[in-house]
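> What follows is input.cif; its format and atoms are mmCIF, C-alpha atoms.
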```cif
data_coords
loop_
_atom_site.group_PDB
_atom_site.id
_atom_site.type_symbol
_atom_site.label_atom_id
_atom_site.label_comp_id
_atom_site.auth_asym_id
_atom_site.auth_seq_id
_atom_site.Cartn_x
_atom_site.Cartn_y
_atom_site.Cartn_z
ATOM 1 C CA MET Z 1 26.578 31.624 -10.169
ATOM 2 C CA PHE Z 2 25.355 28.507 -11.952
ATOM 3 C CA ASP Z 3 28.161 26.150 -13.021
ATOM 4 C CA TRP Z 4 26.900 24.607 -16.262
ATOM 5 C CA PHE Z 5 29.848 22.211 -16.592
ATOM 6 C CA ALA Z 6 29.365 20.854 -13.055
ATOM 7 C CA PHE Z 7 25.665 20.403 -13.772
ATOM 8 C CA GLN Z 8 26.369 18.507 -17.010
ATOM 9 C CA THR Z 9 28.862 16.252 -15.251
ATOM 10 C CA GLY Z 10 26.444 15.564 -12.396
ATOM 11 C CA ALA Z 11 23.486 15.088 -14.740
ATOM 12 C CA THR Z 12 25.452 12.612 -16.842
ATOM 13 C CA ALA Z 13 26.418 10.609 -13.748
ATOM 14 C CA PHE Z 14 22.793 10.729 -12.593
ATOM 15 C CA LEU Z 15 21.487 9.446 -15.924
ATOM 16 C CA ILE Z 16 24.007 6.607 -16.048
ATOM 17 C CA ALA Z 17 23.147 5.548 -12.482
ATOM 18 C CA PHE Z 18 19.404 5.887 -13.086
ATOM 19 C CA VAL Z 19 19.477 3.852 -16.295
ATOM 20 C CA ALA Z 20 21.594 1.178 -14.607
ATOM 21 C CA ALA Z 21 19.185 1.044 -11.663
ATOM 22 C CA ILE Z 22 16.160 0.762 -13.966
ATOM 23 C CA ALA Z 23 17.910 -2.009 -15.887
ATOM 24 C CA PHE Z 24 18.612 -3.963 -12.702
ATOM 25 C CA PHE Z 25 15.071 -3.326 -11.440
ATOM 26 C CA SER Z 26 13.597 -4.590 -14.710
ATOM 27 C CA ALA Z 27 15.855 -7.639 -14.735
ATOM 28 C CA PHE Z 28 14.931 -8.440 -11.131
ATOM 29 C CA LYS Z 29 11.212 -8.109 -11.863
ATOM 30 C CA PHE Z 30 11.562 -10.398 -14.889
ATOM 31 C CA LEU Z 31 13.575 -13.046 -12.998
ATOM 32 C CA TYR Z 32 11.394 -12.876 -9.904
ATOM 33 C CA GLN Z 33 8.302 -13.521 -11.995
ATOM 34 C CA ILE Z 34 10.000 -16.517 -13.595
ATOM 35 C CA ILE Z 35 10.941 -17.931 -10.172
ATOM 36 C CA THR Z 36 7.456 -17.681 -8.687
ATOM 37 C CA PRO Z 37 5.207 -20.644 -9.490
ATOM 38 C CA TYR Z 38 2.264 -18.376 -10.292
ATOM 39 C CA HIS Z 39 1.850 -15.810 -13.055
ATOM 40 C CA GLU Z 40 1.665 -12.385 -11.405
ATOM 41 C CA ARG Z 41 0.867 -10.541 -14.609
ATOM 42 C CA GLU Z 42 -2.219 -12.633 -15.315
ATOM 43 C CA LEU Z 43 -3.325 -12.714 -11.687
ATOM 44 C CA ILE Z 44 -3.018 -8.946 -11.342
ATOM 45 C CA ARG Z 45 -4.941 -8.408 -14.587
ATOM 46 C CA GLN Z 46 -7.676 -10.592 -13.108
ATOM 47 C CA GLY Z 47 -7.802 -8.374 -10.029
ATOM 48 C CA ASN Z 48 -5.870 -10.610 -7.642
ATOM 49 C CA THR Z 49 -4.851 -8.199 -4.877
ATOM 50 C CA ALA Z 50 -2.740 -10.816 -3.088
ATOM 51 C CA ALA Z 51 -0.509 -11.229 -6.143
ATOM 52 C CA ALA Z 52 -0.204 -7.450 -6.569
ATOM 53 C CA VAL Z 53 0.721 -6.912 -2.929
ATOM 54 C CA ALA Z 54 3.235 -9.775 -2.948
ATOM 55 C CA LEU Z 55 4.914 -8.561 -6.136
ATOM 56 C CA GLY Z 56 4.876 -4.955 -4.939
ATOM 57 C CA GLY Z 57 6.553 -5.982 -1.698
ATOM 58 C CA ALA Z 58 9.236 -7.908 -3.559
ATOM 59 C CA LEU Z 59 9.916 -4.962 -5.871
ATOM 60 C CA ILE Z 60 10.148 -2.448 -3.041
ATOM 61 C CA GLY Z 61 12.192 -4.964 -1.059
ATOM 62 C CA TYR Z 62 14.644 -5.022 -3.951
ATOM 63 C CA VAL Z 63 14.657 -1.269 -4.555
ATOM 64 C CA LEU Z 64 15.607 -0.516 -0.941
ATOM 65 C CA PRO Z 65 19.068 -2.126 -1.182
ATOM 66 C CA LEU Z 66 19.371 -0.890 -4.764
ATOM 67 C CA ALA Z 67 18.970 2.682 -3.506
ATOM 68 C CA SER Z 68 21.433 2.004 -0.710
ATOM 69 C CA ALA Z 69 23.944 0.626 -3.186
ATOM 70 C CA LEU Z 70 23.526 3.702 -5.384
ATOM 71 C CA SER Z 71 24.301 5.991 -2.480
ATOM 72 C CA GLN Z 72 27.192 3.917 -1.095
ATOM 73 C CA THR Z 73 29.165 2.814 -4.144
ATOM 74 C CA VAL Z 74 31.703 4.749 -6.143
ATOM 75 C CA SER Z 75 31.656 2.887 -9.443
ATOM 76 C CA LEU Z 76 29.165 1.330 -11.784
ATOM 77 C CA MET Z 77 30.817 -2.085 -11.410
ATOM 78 C CA GLU Z 78 30.595 -1.934 -7.623
ATOM 79 C CA PHE Z 79 26.939 -0.910 -7.880
ATOM 80 C CA ALA Z 80 26.290 -3.791 -10.283
ATOM 81 C CA ALA Z 81 27.837 -6.290 -7.861
ATOM 82 C CA TRP Z 82 25.693 -5.062 -4.963
ATOM 83 C CA ALA Z 83 22.575 -4.944 -7.150
ATOM 84 C CA LEU Z 84 23.162 -8.531 -8.226
ATOM 85 C CA LEU Z 85 23.700 -9.674 -4.646
ATOM 86 C CA ALA Z 86 20.533 -7.871 -3.502
ATOM 87 C CA GLY Z 87 18.513 -9.637 -6.189
ATOM 88 C CA VAL Z 88 19.896 -13.032 -5.287
ATOM 89 C CA ILE Z 89 19.113 -12.467 -1.610
ATOM 90 C CA GLN Z 90 15.547 -11.392 -2.383
ATOM 91 C CA ILE Z 91 14.941 -14.435 -4.594
ATOM 92 C CA VAL Z 92 16.471 -16.813 -2.041
ATOM 93 C CA ALA Z 93 14.191 -15.305 0.611
ATOM 94 C CA PHE Z 94 11.169 -16.041 -1.578
ATOM 95 C CA LEU Z 95 12.312 -19.609 -2.190
ATOM 96 C CA VAL Z 96 12.915 -20.281 1.510
ATOM 97 C CA VAL Z 97 9.548 -18.836 2.531
ATOM 98 C CA SER Z 98 7.521 -20.461 -0.250
ATOM 99 C CA ARG Z 99 9.189 -23.868 -0.359
ATOM 100 C CA VAL Z 100 10.336 -24.457 3.198
ATOM 101 C CA LEU Z 101 8.474 -22.302 5.711
ATOM 102 C CA TYR Z 102 5.070 -21.865 4.089
ATOM 103 C CA LYS Z 103 4.494 -24.393 1.345
ATOM 104 C CA ALA Z 104 0.864 -23.350 0.747
ATOM 105 C CA LEU Z 105 1.886 -19.740 0.067
ATOM 106 C CA ALA Z 106 1.786 -19.906 -3.734
ATOM 107 C CA ALA Z 107 -1.615 -21.598 -3.795
ATOM 108 C CA ARG Z 108 -3.015 -19.046 -1.361
ATOM 109 C CA ILE Z 109 -1.719 -16.141 -3.444
ATOM 110 C CA GLU Z 110 -3.180 -17.705 -6.586
ATOM 111 C CA ALA Z 111 -6.494 -18.038 -4.721
ATOM 112 C CA GLY Z 112 -6.355 -14.311 -3.983
ATOM 113 C CA GLU Z 113 -5.936 -14.623 -0.218
ATOM 114 C CA LEU Z 114 -4.716 -11.180 0.756
ATOM 115 C CA ALA Z 115 -3.206 -12.382 4.033
ATOM 116 C CA ALA Z 116 -0.704 -14.511 2.098
ATOM 117 C CA GLY Z 117 0.203 -11.584 -0.164
ATOM 118 C CA VAL Z 118 0.710 -9.249 2.781
ATOM 119 C CA TYR Z 119 2.805 -11.887 4.567
ATOM 120 C CA LEU Z 120 5.087 -12.346 1.566
ATOM 121 C CA ALA Z 121 5.315 -8.593 0.983
ATOM 122 C CA SER Z 122 6.279 -8.110 4.639
ATOM 123 C CA ILE Z 123 9.012 -10.717 4.410
ATOM 124 C CA SER Z 124 10.304 -9.134 1.190
ATOM 125 C CA LEU Z 125 10.334 -5.654 2.722
ATOM 126 C CA GLY Z 126 12.056 -6.889 5.864
ATOM 127 C CA VAL Z 127 14.731 -8.680 3.867
ATOM 128 C CA GLY Z 128 15.175 -5.594 1.704
ATOM 129 C CA LEU Z 129 15.585 -3.310 4.704
ATOM 130 C CA LEU Z 130 18.143 -5.604 6.307
ATOM 131 C CA ASN Z 131 19.941 -5.960 2.997
ATOM 132 C CA ALA Z 132 20.073 -2.171 2.564
ATOM 133 C CA ALA Z 133 21.286 -1.636 6.121
ATOM 134 C CA CYS Z 134 24.069 -4.183 5.692
ATOM 135 C CA MET Z 135 25.327 -2.341 2.635
ATOM 136 C CA THR Z 136 26.033 0.760 4.708
ATOM 137 C CA ALA Z 137 28.302 -1.016 7.188
#
```
Could you spell out this file's structure in structure tokens?

Amino acid sequence: MFDWFAFQTGATAFLIAFVAAIAFFSAFKFLYQIITPYHERELIRQGNTAAAVALGGALIGYVLPLASALSQTVSLMEFAAWALLAGVIQIVAFLVVSRVLYKALAARIEAGELAAGVYLASISLGVGLLNAACMTA
């Protein structure tokens, strides 16, 4: 038999978690685009595939630990702490790659060089996977 009360309780918890996750995702996207020296929105509108791939990799790289945090935490505050940490780690990874390891990265992405976008996306995904795996320990 269908338990309507249990469904309502679960659906409410789902909605709260989903809205919180979307809020953190949106905040990360906003902050990440401020941190990068190029303007992803404009570049993507102009058809710059490198910028789209790089941003997509960063977003997925952030969502991976976000999803892990959602499945591993027991409170909204704990989730928020992990979500914040995941965002900081993803942004630090970008800064290290773009300002220390590969200083021409931003210029190459602005120029539409897909190899640079794929490289950055790969780094972002790798960092995200490691970040997510560490949250399960």
> Could you jot down the CA of Thr12 in chain Z to CA of Ser75 in chain Z separation for me, Å, one decimal place?
13.7 Å
> Assuming the chain letters and numbering stay as they are in my file, what does the PyMOL selection byres ((chain Z and resi 24-37) around 10) actually select? List them as a PDB file with C-alpha atoms, in the frame of the given file.

```
ATOM      1  CA  PHE Z  18      19.404   5.887 -13.086  1.00  0.00           C
ATOM      2  CA  VAL Z  19      19.477   3.852 -16.295  1.00  0.00           C
ATOM      3  CA  ALA Z  20      21.594   1.178 -14.607  1.00  0.00           C
ATOM      4  CA  ALA Z  21      19.185   1.044 -11.663  1.00  0.00           C
ATOM      5  CA  ILE Z  22      16.160   0.762 -13.966  1.00  0.00           C
ATOM      6  CA  ALA Z  23      17.910  -2.009 -15.887  1.00  0.00           C
ATOM      7  CA  TYR Z  38       2.264 -18.376 -10.292  1.00  0.00           C
ATOM      8  CA  HIS Z  39       1.850 -15.810 -13.055  1.00  0.00           C
ATOM      9  CA  GLU Z  40       1.665 -12.385 -11.405  1.00  0.00           C
ATOM     10  CA  ARG Z  41       0.867 -10.541 -14.609  1.00  0.00           C
ATOM     11  CA  LEU Z  55       4.914  -8.561  -6.136  1.00  0.00           C
ATOM     12  CA  GLY Z  56       4.876  -4.955  -4.939  1.00  0.00           C
ATOM     13  CA  ALA Z  58       9.236  -7.908  -3.559  1.00  0.00           C
ATOM     14  CA  LEU Z  59       9.916  -4.962  -5.871  1.00  0.00           C
ATOM     15  CA  ILE Z  60      10.148  -2.448  -3.041  1.00  0.00           C
ATOM     16  CA  TYR Z  62      14.644  -5.022  -3.951  1.00  0.00           C
ATOM     17  CA  VAL Z  63      14.657  -1.269  -4.555  1.00  0.00           C
ATOM     18  CA  LEU Z  66      19.371  -0.890  -4.764  1.00  0.00           C
ATOM     19  CA  ALA Z  80      26.290  -3.791 -10.283  1.00  0.00           C
ATOM     20  CA  ALA Z  83      22.575  -4.944  -7.150  1.00  0.00           C
ATOM     21  CA  LEU Z  84      23.162  -8.531  -8.226  1.00  0.00           C
ATOM     22  CA  ALA Z  86      20.533  -7.871  -3.502  1.00  0.00           C
ATOM     23  CA  GLY Z  87      18.513  -9.637  -6.189  1.00  0.00           C
ATOM     24  CA  VAL Z  88      19.896 -13.032  -5.287  1.00  0.00           C
ATOM     25  CA  GLN Z  90      15.547 -11.392  -2.383  1.00  0.00           C
ATOM     26  CA  ILE Z  91      14.941 -14.435  -4.594  1.00  0.00           C
ATOM     27  CA  VAL Z  92      16.471 -16.813  -2.041  1.00  0.00           C
ATOM     28  CA  PHE Z  94      11.169 -16.041  -1.578  1.00  0.00           C
ATOM     29  CA  LEU Z  95      12.312 -19.609  -2.190  1.00  0.00           C
ATOM     30  CA  SER Z  98       7.521 -20.461  -0.250  1.00  0.00           C
ATOM     31  CA  ALA Z 106       1.786 -19.906  -3.734  1.00  0.00           C
ATOM     32  CA  ALA Z 107      -1.615 -21.598  -3.795  1.00  0.00           C
ATOM     33  CA  GLU Z 110      -3.180 -17.705  -6.586  1.00  0.00           C
TER      34      GLU Z 110
END
```
> Between Z:Leu70, Z:Ala17, Z:Ala51, Z:Val127, which is the closest to Ala111 in chain Z once you count only C-alpha atoms?
Z:Ala51
> So what do you get for CA of Ala69 in chain Z versus CA of Met135 in chain Z, distance-wise?
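Straight-line distance from CA of Ala69 in chain Z to CA of Met135 in chain Z works out to 6.7 Å.
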> Could you state which residues are captured by the PyMOL selection byres ((chain Z and resi 114-123) around 8) in this file, as a PDB file with C-alpha atoms, keeping the file's coordinate frame?

```pdb
ATOM      1  CA  THR Z  49      -4.851  -8.199  -4.877  1.00  0.00           C
ATOM      2  CA  ALA Z  50      -2.740 -10.816  -3.088  1.00  0.00           C
ATOM      3  CA  ALA Z  51      -0.509 -11.229  -6.143  1.00  0.00           C
ATOM      4  CA  ALA Z  52      -0.204  -7.450  -6.569  1.00  0.00           C
ATOM      5  CA  VAL Z  53       0.721  -6.912  -2.929  1.00  0.00           C
ATOM      6  CA  ALA Z  54       3.235  -9.775  -2.948  1.00  0.00           C
ATOM      7  CA  LEU Z  55       4.914  -8.561  -6.136  1.00  0.00           C
ATOM      8  CA  GLY Z  56       4.876  -4.955  -4.939  1.00  0.00           C
ATOM      9  CA  GLY Z  57       6.553  -5.982  -1.698  1.00  0.00           C
ATOM     10  CA  ALA Z  58       9.236  -7.908  -3.559  1.00  0.00           C
ATOM     11  CA  ALA Z  93      14.191 -15.305   0.611  1.00  0.00           C
ATOM     12  CA  PHE Z  94      11.169 -16.041  -1.578  1.00  0.00           C
ATOM     13  CA  VAL Z  97       9.548 -18.836   2.531  1.00  0.00           C
ATOM     14  CA  LEU Z 105       1.886 -19.740   0.067  1.00  0.00           C
ATOM     15  CA  ARG Z 108      -3.015 -19.046  -1.361  1.00  0.00           C
ATOM     16  CA  ILE Z 109      -1.719 -16.141  -3.444  1.00  0.00           C
ATOM     17  CA  GLY Z 112      -6.355 -14.311  -3.983  1.00  0.00           C
ATOM     18  CA  GLU Z 113      -5.936 -14.623  -0.218  1.00  0.00           C
ATOM     19  CA  SER Z 124      10.304  -9.134   1.190  1.00  0.00           C
ATOM     20  CA  LEU Z 125      10.334  -5.654   2.722  1.00  0.00           C
ATOM     21  CA  GLY Z 126      12.056  -6.889   5.864  1.00  0.00           C
ATOM     22  CA  VAL Z 127      14.731  -8.680   3.867  1.00  0.00           C
TER      23      VAL Z 127
END
```
> Quick check, in Å to one decimal: how far apart do CA of Arg99 in chain Z and CA of Trp82 in chain Z lie?
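Separation between CA of Arg99 in chain Z and CA of Trp82 in chain Z: 25.4 Å.
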> Using only C-alpha atoms, find the one residue out of Z:Ala67, Z:Ala104, Z:Val96, Z:Leu76 that sits nearest to Leu129 in chain Z.
Z:Ala67
> Let me know the residues the PyMOL selection byres ((chain Z and resi 132) around 6) catches in the file above, as a VMD selection string.
chain Z and resid 64 to 65 68 129 to 131 133 to 135
> With the input short on atoms, add N, CA and C atoms back to range 99-127 of chain Z and write it as a compact mmCIF listing (two decimals), in the frame of the given file.

```
# COMPACT_ATOMS: atom_id res chain seq x y z
N ARG Z 99 8.94 -22.43 -0.19
CA ARG Z 99 9.19 -23.87 -0.36
C ARG Z 99 9.57 -24.59 0.91
N VAL Z 100 9.92 -23.82 1.95
CA VAL Z 100 10.34 -24.46 3.20
C VAL Z 100 9.41 -24.07 4.35
N LEU Z 101 9.22 -22.77 4.55
CA LEU Z 101 8.47 -22.30 5.71
C LEU Z 101 6.96 -22.31 5.54
N TYR Z 102 6.51 -22.05 4.31
CA TYR Z 102 5.07 -21.86 4.09
C TYR Z 102 4.71 -22.41 2.72
N LYS Z 103 4.65 -23.73 2.63
CA LYS Z 103 4.49 -24.39 1.34
C LYS Z 103 3.18 -24.08 0.63
N ALA Z 104 2.16 -23.67 1.36
CA ALA Z 104 0.86 -23.35 0.75
C ALA Z 104 0.80 -21.90 0.26
N LEU Z 105 1.88 -21.17 0.39
CA LEU Z 105 1.89 -19.74 0.07
C LEU Z 105 1.48 -19.47 -1.38
N ALA Z 106 2.08 -20.15 -2.32
CA ALA Z 106 1.79 -19.91 -3.73
C ALA Z 106 0.31 -20.18 -4.04
N ALA Z 107 -0.21 -21.27 -3.54
CA ALA Z 107 -1.62 -21.60 -3.80
C ALA Z 107 -2.54 -20.56 -3.18
N ARG Z 108 -2.18 -20.06 -2.02
CA ARG Z 108 -3.02 -19.05 -1.36
C ARG Z 108 -2.97 -17.72 -2.12
N ILE Z 109 -1.81 -17.37 -2.65
CA ILE Z 109 -1.72 -16.14 -3.44
C ILE Z 109 -2.52 -16.30 -4.73
N GLU Z 110 -2.39 -17.45 -5.37
CA GLU Z 110 -3.18 -17.70 -6.59
C GLU Z 110 -4.68 -17.63 -6.29
N ALA Z 111 -5.08 -18.07 -5.11
CA ALA Z 111 -6.49 -18.04 -4.72
C ALA Z 111 -6.95 -16.63 -4.33
N GLY Z 112 -6.00 -15.70 -4.29
CA GLY Z 112 -6.36 -14.31 -3.98
C GLY Z 112 -6.46 -14.01 -2.50
N GLU Z 113 -5.87 -14.85 -1.66
CA GLU Z 113 -5.94 -14.62 -0.22
C GLU Z 113 -4.96 -13.50 0.15
N LEU Z 114 -5.52 -12.37 0.49
CA LEU Z 114 -4.72 -11.18 0.76
C LEU Z 114 -3.73 -11.38 1.90
N ALA Z 115 -4.11 -12.15 2.90
CA ALA Z 115 -3.21 -12.38 4.03
C ALA Z 115 -1.88 -12.98 3.56
N ALA Z 116 -1.93 -13.90 2.62
CA ALA Z 116 -0.70 -14.51 2.10
C ALA Z 116 0.13 -13.48 1.34
N GLY Z 117 -0.51 -12.62 0.56
CA GLY Z 117 0.20 -11.58 -0.16
C GLY Z 117 0.86 -10.59 0.76
N VAL Z 118 0.15 -10.19 1.81
CA VAL Z 118 0.71 -9.25 2.78
C VAL Z 118 1.87 -9.90 3.53
N TYR Z 119 1.73 -11.17 3.88
CA TYR Z 119 2.80 -11.89 4.57
C TYR Z 119 4.07 -11.91 3.71
N LEU Z 120 3.92 -12.29 2.45
CA LEU Z 120 5.09 -12.35 1.57
C LEU Z 120 5.67 -10.96 1.34
N ALA Z 121 4.83 -9.96 1.16
CA ALA Z 121 5.32 -8.59 0.98
C ALA Z 121 6.09 -8.14 2.21
N SER Z 122 5.60 -8.49 3.40
CA SER Z 122 6.28 -8.11 4.64
C SER Z 122 7.65 -8.76 4.75
N ILE Z 123 7.72 -10.02 4.40
CA ILE Z 123 9.01 -10.72 4.41
C ILE Z 123 9.96 -10.05 3.41
N SER Z 124 9.47 -9.76 2.22
CA SER Z 124 10.30 -9.13 1.19
C SER Z 124 10.80 -7.76 1.63
N LEU Z 125 9.93 -6.98 2.24
CA LEU Z 125 10.33 -5.65 2.72
C LEU Z 125 11.35 -5.76 3.86
N GLY Z 126 11.11 -6.69 4.77
CA GLY Z 126 12.06 -6.89 5.86
C GLY Z 126 13.43 -7.31 5.37
N VAL Z 127 13.45 -8.24 4.44
CA VAL Z 127 14.73 -8.68 3.87
C VAL Z 127 15.41 -7.52 3.14
```
